Structures are given as C-alpha cells and as structure tokens.
file entry35.txt (compact mmCIF, C-alpha atoms and all ligand atoms)
# COMPACT_ATOMS: atom_id res chain seq x y z
CA MET A 1 156.70 -133.81 47.42
CA THR A 2 159.61 -131.84 45.93
CA SER A 3 159.80 -128.29 47.23
CA THR A 4 160.30 -125.43 44.77
CA PRO A 5 163.89 -124.15 44.90
CA ASN A 6 163.40 -120.47 45.54
CA PHE A 7 165.06 -117.14 46.15
CA ASN A 8 165.71 -115.24 49.36
CA ARG A 9 164.07 -112.34 47.56
CA ALA A 10 166.27 -109.40 48.34
CA ASP A 11 164.01 -107.04 46.42
CA SER A 12 166.62 -105.34 44.29
CA ALA A 13 168.62 -108.49 43.49
CA VAL A 14 168.76 -109.83 39.94
CA ARG A 15 167.52 -113.42 40.09
CA ILE A 16 169.18 -115.97 37.82
CA VAL A 17 168.16 -119.62 37.34
CA SER A 18 170.40 -122.27 35.76
CA LEU A 19 167.98 -124.83 34.38
CA TYR A 20 168.74 -128.54 34.48
CA PRO A 21 172.54 -128.49 34.89
CA ASP A 22 172.20 -132.23 35.56
CA LEU A 23 171.04 -132.76 31.94
CA LEU A 24 172.31 -129.76 29.99
CA GLY A 25 175.57 -127.92 30.46
CA THR A 26 178.33 -129.41 28.35
CA TYR A 27 181.49 -127.49 27.50
CA GLY A 28 181.37 -125.23 30.54
CA ASP A 29 177.97 -123.64 29.85
CA GLY A 30 177.49 -123.45 33.64
CA GLY A 31 180.13 -120.70 33.57
CA ASN A 32 177.58 -118.34 32.00
CA ALA A 33 175.87 -117.95 35.40
CA LEU A 34 179.20 -117.16 37.01
CA VAL A 35 180.01 -114.49 34.42
CA LEU A 36 176.62 -112.80 34.83
CA SER A 37 176.85 -112.92 38.62
CA ARG A 38 180.35 -111.43 38.72
CA ARG A 39 179.52 -108.67 36.26
CA LEU A 40 176.56 -107.67 38.45
CA GLU A 41 178.59 -107.83 41.67
CA TRP A 42 181.42 -105.78 40.17
CA ARG A 43 178.81 -103.07 39.54
CA GLY A 44 177.50 -103.29 43.09
CA ILE A 45 174.24 -104.97 42.00
CA ALA A 46 172.99 -107.83 44.19
CA VAL A 47 172.44 -111.18 42.53
CA GLU A 48 170.74 -114.41 43.59
CA HIS A 49 171.54 -117.51 41.59
CA ILE A 50 169.96 -120.93 41.94
CA SER A 51 170.22 -124.16 39.96
CA VAL A 52 167.13 -126.26 39.28
CA ASP A 53 167.61 -129.92 38.41
CA ALA A 54 165.23 -131.85 36.17
CA GLY A 55 162.06 -132.85 37.98
CA ALA A 56 162.20 -129.97 40.48
CA PRO A 57 159.61 -127.21 40.14
CA ILE A 58 160.83 -124.15 38.25
CA PRO A 59 160.26 -120.79 39.97
CA ASP A 60 158.69 -118.38 37.48
CA SER A 61 159.77 -115.23 39.34
CA ALA A 62 163.36 -114.98 38.10
CA ASP A 63 164.74 -112.31 35.79
CA LEU A 64 167.05 -114.51 33.73
CA TYR A 65 167.07 -118.23 32.86
CA LEU A 66 170.04 -120.14 31.47
CA VAL A 67 169.71 -123.37 29.51
CA GLY A 68 172.87 -125.18 28.38
CA GLY A 69 173.85 -127.56 25.62
CA GLY A 70 173.78 -131.33 25.83
CA GLU A 71 173.62 -134.68 24.14
CA ASP A 72 170.61 -135.95 22.22
CA GLY A 73 169.18 -138.20 24.99
CA PRO A 74 169.29 -135.73 27.90
CA GLN A 75 168.03 -133.05 25.52
CA VAL A 76 164.81 -135.01 24.89
CA GLN A 77 164.34 -135.53 28.64
CA ALA A 78 164.91 -131.83 29.32
CA ALA A 79 162.30 -130.86 26.70
CA ARG A 80 159.79 -133.25 28.26
CA GLU A 81 160.37 -131.93 31.79
CA LEU A 82 160.22 -128.28 30.72
CA GLU A 83 156.98 -128.90 28.86
CA LEU A 84 155.46 -130.65 31.87
CA SER A 85 156.58 -127.92 34.28
CA GLN A 86 155.46 -124.88 32.22
CA GLY A 87 157.52 -122.80 34.68
CA LEU A 88 159.78 -121.43 31.96
CA HIS A 89 156.75 -120.61 29.78
CA ARG A 90 155.18 -118.64 32.65
CA ALA A 91 158.45 -116.79 33.29
CA VAL A 92 158.78 -115.82 29.60
CA ASP A 93 155.15 -114.62 29.60
CA LYS A 94 156.11 -112.33 32.49
CA GLY A 95 159.04 -110.94 30.47
CA ALA A 96 162.00 -112.97 31.79
CA VAL A 97 165.13 -113.06 29.64
CA VAL A 98 166.43 -116.49 28.54
CA LEU A 99 169.81 -117.52 27.15
CA ALA A 100 169.73 -120.99 25.60
CA ILE A 101 172.86 -122.67 24.26
CA CYS A 102 172.91 -125.24 21.45
CA ALA A 103 170.70 -128.15 22.66
CA GLY A 104 168.93 -125.56 24.81
CA MET A 105 168.19 -123.45 21.74
CA GLN A 106 167.05 -126.50 19.79
CA ILE A 107 164.51 -127.65 22.41
CA LEU A 108 163.14 -124.12 22.88
CA GLY A 109 162.23 -124.05 19.18
CA HIS A 110 159.16 -125.62 17.58
CA ARG A 111 160.78 -128.94 16.66
CA PHE A 112 164.12 -130.70 17.11
CA PRO A 113 165.54 -134.14 16.22
CA ASP A 114 166.17 -136.88 18.79
CA ALA A 115 169.09 -139.36 18.70
CA THR A 116 167.43 -141.35 15.88
CA GLY A 117 166.80 -138.21 13.85
CA THR A 118 163.04 -138.36 14.55
CA SER A 119 161.53 -134.92 14.85
CA ARG A 120 160.17 -134.10 18.34
CA GLY A 121 157.99 -131.24 19.54
CA GLY A 122 159.89 -128.41 21.23
CA LEU A 123 158.68 -125.76 23.66
CA GLY A 124 157.79 -123.15 21.01
CA LEU A 125 159.49 -120.32 22.91
CA LEU A 126 161.90 -119.62 20.04
CA ASP A 127 160.67 -119.24 16.49
CA CYS A 128 162.88 -121.84 14.83
CA GLU A 129 162.97 -125.49 13.91
CA THR A 130 166.00 -127.76 14.09
CA VAL A 131 166.46 -130.58 11.60
CA ARG A 132 169.01 -133.34 11.06
CA VAL A 133 170.76 -133.08 7.69
CA ASN A 134 173.05 -135.44 5.88
CA ARG A 135 176.20 -133.49 6.71
CA PRO A 136 179.04 -134.02 9.19
CA ARG A 137 178.66 -132.60 12.70
CA ALA A 138 179.60 -128.94 12.93
CA VAL A 139 182.63 -129.04 15.22
CA GLY A 140 185.11 -126.20 15.72
CA GLU A 141 185.45 -122.48 16.22
CA LEU A 142 182.43 -120.29 15.51
CA LEU A 143 182.83 -116.59 14.78
CA THR A 144 180.06 -114.18 13.86
CA THR A 145 179.78 -110.66 12.50
CA ASN A 146 176.89 -108.17 12.71
CA ALA A 147 175.74 -109.58 16.03
CA ARG A 148 173.08 -107.43 17.64
CA LEU A 149 170.27 -107.66 20.12
CA THR A 150 167.17 -105.49 20.33
CA THR A 151 166.10 -105.15 23.94
CA THR A 152 163.40 -103.03 25.58
CA HIS A 153 166.12 -100.34 25.85
CA GLY A 154 166.94 -100.36 22.13
CA LEU A 155 169.42 -101.97 19.79
CA ILE A 156 172.76 -103.14 21.20
CA GLU A 157 175.67 -103.87 18.85
CA LEU A 158 177.55 -106.86 20.21
CA GLY A 159 180.67 -106.81 18.04
CA PRO A 160 182.02 -110.17 16.84
CA LEU A 161 180.83 -113.17 18.85
CA THR A 162 183.35 -115.95 19.42
CA GLY A 163 182.97 -119.49 20.75
CA PHE A 164 183.00 -123.05 19.58
CA GLU A 165 180.30 -125.34 18.33
CA ASN A 166 179.61 -129.08 18.35
CA HIS A 167 176.23 -130.07 16.96
CA ALA A 168 174.58 -132.29 14.39
CA GLY A 169 171.33 -130.35 14.11
CA ARG A 170 170.85 -127.41 11.76
CA THR A 171 168.44 -124.66 12.77
CA VAL A 172 166.03 -122.79 10.52
CA PRO A 173 164.80 -119.48 11.97
CA GLY A 174 161.06 -118.82 11.37
CA SER A 175 159.57 -115.58 10.13
CA ASN A 176 159.28 -114.20 13.72
CA GLY A 177 162.72 -115.35 14.80
CA VAL A 178 165.56 -113.02 13.94
CA SER A 179 169.09 -114.36 13.99
CA LEU A 180 171.71 -113.13 16.45
CA GLY A 181 174.42 -112.58 13.83
CA SER A 182 176.01 -113.77 10.57
CA VAL A 183 178.59 -116.54 10.42
CA GLU A 184 182.15 -115.55 9.48
CA VAL A 185 183.86 -118.82 10.49
CA GLY A 186 182.07 -122.08 11.26
CA GLU A 187 178.53 -123.33 10.70
CA GLY A 188 176.12 -121.70 13.16
CA ASN A 189 172.51 -122.33 12.16
CA GLY A 190 173.67 -123.81 8.85
CA ASP A 191 172.38 -121.08 6.51
CA SER A 192 175.16 -118.54 7.29
CA SER A 193 173.12 -117.09 10.14
CA GLU A 194 173.86 -117.76 13.80
CA GLY A 195 171.47 -117.99 16.73
CA VAL A 196 167.80 -117.08 17.03
CA VAL A 197 166.06 -114.35 19.03
CA THR A 198 162.32 -114.31 19.72
CA GLY A 199 161.16 -111.60 22.10
CA THR A 200 163.25 -112.00 25.26
CA VAL A 201 164.51 -115.49 24.39
CA VAL A 202 168.00 -115.72 22.91
CA GLY A 203 169.42 -118.93 21.43
CA THR A 204 172.94 -119.51 20.17
CA TYR A 205 175.27 -122.31 19.13
CA LEU A 206 178.17 -120.63 20.98
CA HIS A 207 179.80 -122.66 23.74
CA GLY A 208 182.89 -121.49 25.48
CA PRO A 209 181.18 -120.57 27.84
CA ALA A 210 179.63 -118.00 25.53
CA LEU A 211 179.46 -115.16 28.04
CA ALA A 212 183.08 -115.52 29.22
CA ARG A 213 184.19 -115.09 25.63
CA ASN A 214 181.63 -112.37 24.83
CA PRO A 215 181.19 -109.93 27.73
CA ARG A 216 179.16 -107.55 25.55
CA LEU A 217 176.55 -110.26 25.11
CA ALA A 218 176.56 -110.80 28.89
CA ASP A 219 176.08 -107.08 29.45
CA ALA A 220 173.33 -106.81 26.84
CA LEU A 221 171.34 -109.49 28.69
CA LEU A 222 171.93 -107.71 32.01
CA GLU A 223 171.05 -104.31 30.56
CA TRP A 224 167.72 -105.74 29.47
CA ILE A 225 167.00 -106.41 33.15
CA VAL A 226 168.63 -103.55 35.08
CA GLY A 227 168.53 -100.80 32.42
CA PRO A 228 171.42 -98.88 30.82
CA THR A 229 172.12 -96.46 33.67
CA ALA A 230 173.05 -99.30 36.06
CA MET A 231 175.57 -100.67 33.55
CA THR A 232 178.70 -98.85 34.72
CA PRO A 233 181.66 -99.66 32.45
CA LEU A 234 184.00 -102.48 33.53
CA ASP A 235 187.65 -102.94 32.62
CA ASP A 236 187.56 -105.77 30.05
CA GLY A 237 191.14 -105.19 28.86
CA ASP A 238 192.34 -108.73 29.58
CA VAL A 239 189.34 -110.45 28.09
CA ASN A 240 189.48 -108.22 25.02
CA ALA A 241 193.12 -109.19 24.46
CA LEU A 242 192.15 -112.87 24.68
CA ARG A 243 189.22 -112.25 22.34
CA ALA A 244 191.50 -110.62 19.77
CA GLU A 245 193.76 -113.70 19.87
CA ARG A 246 190.84 -116.10 19.49
CA ILE A 247 189.23 -114.12 16.69
CA HIS A 248 192.49 -113.92 14.78
CA ALA A 249 193.16 -117.65 15.25
CA ALA A 250 189.65 -118.56 14.08
CA GLN A 251 189.99 -116.32 11.02
CA GLU A 252 193.35 -117.90 10.20
CA HIS A 253 191.97 -121.38 10.95
CA GLU A 254 194.73 -121.90 13.51
CA LEU A 255 192.41 -123.33 16.14
CA ALA A 256 190.06 -125.60 14.33
CA PRO A 257 190.50 -126.74 10.78
CA ARG A 258 187.05 -127.24 9.31
CA ARG A 259 187.43 -130.98 9.03
CA SER A 260 185.06 -133.49 10.52
CA TRP A 261 186.29 -136.50 12.50
CA ARG A 262 185.12 -138.60 9.55
CA ASP A 263 187.58 -136.76 7.24
CA ILE A 264 190.38 -137.00 9.77
CA LEU A 265 189.91 -140.76 10.30
CA ARG A 266 189.59 -141.38 6.56
CA ARG A 267 192.98 -139.77 5.98
CA SER A 268 194.85 -141.47 8.87
N1 LIG B 301 172.59 -132.79 20.60
C1 LIG B 301 172.50 -131.62 19.81
C2 LIG B 301 173.17 -131.77 18.46
O1 LIG B 301 174.10 -132.52 18.31
C3 LIG B 301 173.08 -130.43 20.57
C4 LIG B 301 174.55 -130.57 20.90
C5 LIG B 301 175.08 -129.54 21.88
O2 LIG B 301 174.34 -129.00 22.68
N2 LIG B 301 176.36 -129.29 21.86
O3 LIG B 301 172.78 -131.10 17.51

call {"tool": "encode", "arguments": {"input": "entry35.txt", "output": "structure tokens"}}
result
Amino acid sequence: MTSTPNFNRADSAVRIVSLYPDLLGTYGDGGNALVLSRRLEWRGIAVEHISVDAGAPIPDSADLYLVGGGEDGPQVQAARELELSQGLHRAVDKGAVVLAICAGMQILGHRFPDATGTSRGGLGLLDCETVRVNRPRAVGELLTTNARLTTTHGLIELGPLTGFENHAGRTVPGSNGVSLGSVEVGEGNGDSSEGVVTGTVVGTYLHGPALARNPRLADALLEWIVGPTAMTPLDDGDVNALRAERIHAAQEHELAPRRSWRDILRRS
C-alpha cells in the first residue's frame, strides 16, 4: 500500500503541495512552489512543501495546492488520478487555495480536449470549459491588464501579469467563473480574457514560472492564507526591473512575434 505523503505539521506553517510534478510541470512551473516558499521564509513565516506524484494519496490538509501545465497525454492521466483520489476536491471544500497552470487549469474545469480533440470530463473545480478550435497553437508572450483577485480579505489589484503561453486549447469561462485579467498581448483564454477564478481556485495560462514573473500574484495567494497583516513588504526592486523589461518587450513584440510554427515553416 502507498503511504500518504504528509506534513510534519508545525502548527503555524503554511503547507504547500505540488501535485503530480511527474506528469504536469512543463516550462518551470515547479518554480512556483519555490517562489511561494521563499516569500514566506523572507517574512519569517514557516513553510512545509511536499510533492505528490500521480498515484500517491493526496493529503487534504494543505493550505495551497499547485498544479502545473503539461502535454495532452499526461494531462488526461492527471485528470483521471485526481478524480479517483478526490483529495483535491476535499481540500477545496475545506477552503484550500489552488493555483493551476495551463493544462492544470484545463483539467480543473468541466471539460477539456484530449490529444485527439475528444472532449473529456474535468474535475469541475473551475467554472470553465476548454475546447479545441481550428486555430494555430497559442505560443508566445502573454501580457494582461486589469488583473485582480478577490480573496476573503478583499480585492487585490495585481498589476500587469506577464508570462508565456503554449497551448492548443481555448477556454470559455462559465457564468460563475470570473477571469483573472484581460489580454493585452497574446491569446489567453481566446476571448480576450485570461485565466479563470472560481472561489479559491485560480487558473491561468501563464508559464514562466508565473509567480517568479508576478510576485504580486504570489503574494495575493499567500495573503489569502496568512492574512494581510503577516504580509510585510519585500524588496522586489530587481524583479520589478526585469518585469518592466519583459512587459516592454512583449508590448513591442520584441520577444515573440505572433506567428505560429506553421507560418514560420511555410515562409522558410
Ligand atoms: N496540452 C494543453 C494544450 O495544448 C496544455 C498545454 C500546456 O499546459 N502548456 O492546450
């Protein structure tokens, strides 16, 4: 029998679970756990982080769950395992915060396409549905405006969100799923919105890893858990300078011309 990976349970520690890094976690999404852990430690807040591979039982006692992006095949397997386990469902019922990137967002919705384009049942934790459309993959820089998150402590303005995207699916938020922001550069959900938020579950197409490029998003997720008074300010001068460069380059299309590989190959 597989034992449940579990926490040491220092009572005040923030508990973070990276789910299925063996299946999901392309483009450095695993770095999101590192960013959250460091930003807690820098504030003197204890953190316990564990990774749970597919097939292992999922502890439902954590504060924050991270689900990464991935390819179509592993994505289907991850959805099946998460559905079987129900550990993530129980954690969300108890109020846990979830950040799901790209494939992670897609499988947490109601439906998503597999590698053949056939629609599969998702976990229903995010109010959205992902479909396959007859358009090139969305590949390149992704920049949003008006990004905001409403937590139990109120509305948090996130400023521009920056990252990159690589996905074939397009995501349609449902009537109970609000988007995370509006697209300024790139594709996002495909309807000029980006990301989906349902209750404490946050989905986004931003890779990068997303939280390294967007510390305000990292802090908003942490504030949800520890409350605003614990969120002492950190010096983000260096990261803000890098963000300004990235944002400018995306706006000027210096980083990623919006051409698909199909266009590039056709012209060469
Ligand atoms: N396989 C999914 C798609 O292509 C998600 C890709 C990803 O997570 N980067 O739409």

call {"tool": "atom_distance", "arguments": {"input": "entry35.txt", "atom1": "CA of Leu123 in chain A", "atom2": "CA of Arg111 in chain A"}}
result
8.0 Å

call {"tool": "residues_near_ligand", "arguments": {"input": "entry35.txt", "ligand": "ligand LIG 301 (chain B)", "cutoff": "9 Å", "atoms": "only C-alpha atoms and all ligand atoms", "output": "number ranges by chain"}}
result
A: 24-27, 68-75, 101-106, 112-115, 130-132, 137-138, 165-170, 205-207

call {"tool": "atom_distance", "arguments": {"input": "entry35.txt", "atom1": "CA of Val196 in chain A", "atom2": "CA of Pro59 in chain A"}}
result
24.4 Å

call {"tool": "atom_distance", "arguments": {"input": "entry35.txt", "atom1": "CA of Asp191 in chain A", "atom2": "CA of Val98 in chain A"}}
result
23.3 Å

call {"tool": "closest_residue", "arguments": {"input": "entry35.txt", "among": "A:Thr118, A:Asn32, A:Thr198, A:Gln77", "to": "Ser175 in chain A", "atoms": "all atoms listed in the file"}}
result
A:Thr198

call {"tool": "closest_residue", "arguments": {"input": "entry35.txt", "among": "A:Lys94, A:Asn240, A:Val52, A:Leu149", "to": "Leu82 in chain A", "atoms": "all atoms listed in the file"}}
result
A:Val52

call {"tool": "residues_around", "arguments": {"input": "entry35.txt", "residues": "Gly181 in chain A", "least_positions_apart": "3", "cutoff": "6 Å", "atoms": "all atoms listed in the file", "output": "VMD selection string"}}
result
chain A and resid 144 to 147 193 to 194

call {"tool": "closest_residue", "arguments": {"input": "entry35.txt", "among": "A:Ile225, A:Pro136, A:Leu99, A:Arg246", "to": "Val47 in chain A", "atoms": "only C-alpha atoms"}}
result
A:Ile225

call {"tool": "closest_residue", "arguments": {"input": "entry35.txt", "among": "A:Val172, A:Ile58, A:Leu211, A:Ala218", "to": "Leu40 in chain A", "atoms": "all atoms listed in the file"}}
result
A:Ala218

call {"tool": "residues_around", "arguments": {"input": "entry35.txt", "residues": "Arg216 in chain A", "least_positions_apart": "5", "cutoff": "10 Å", "atoms": "only C-alpha atoms", "output": "list in words"}}
result
Arg148, Ile156, Glu157, Leu158, Gly159, Pro160, Leu161, Leu211, Leu221, Leu222 and Asp236 of chain A
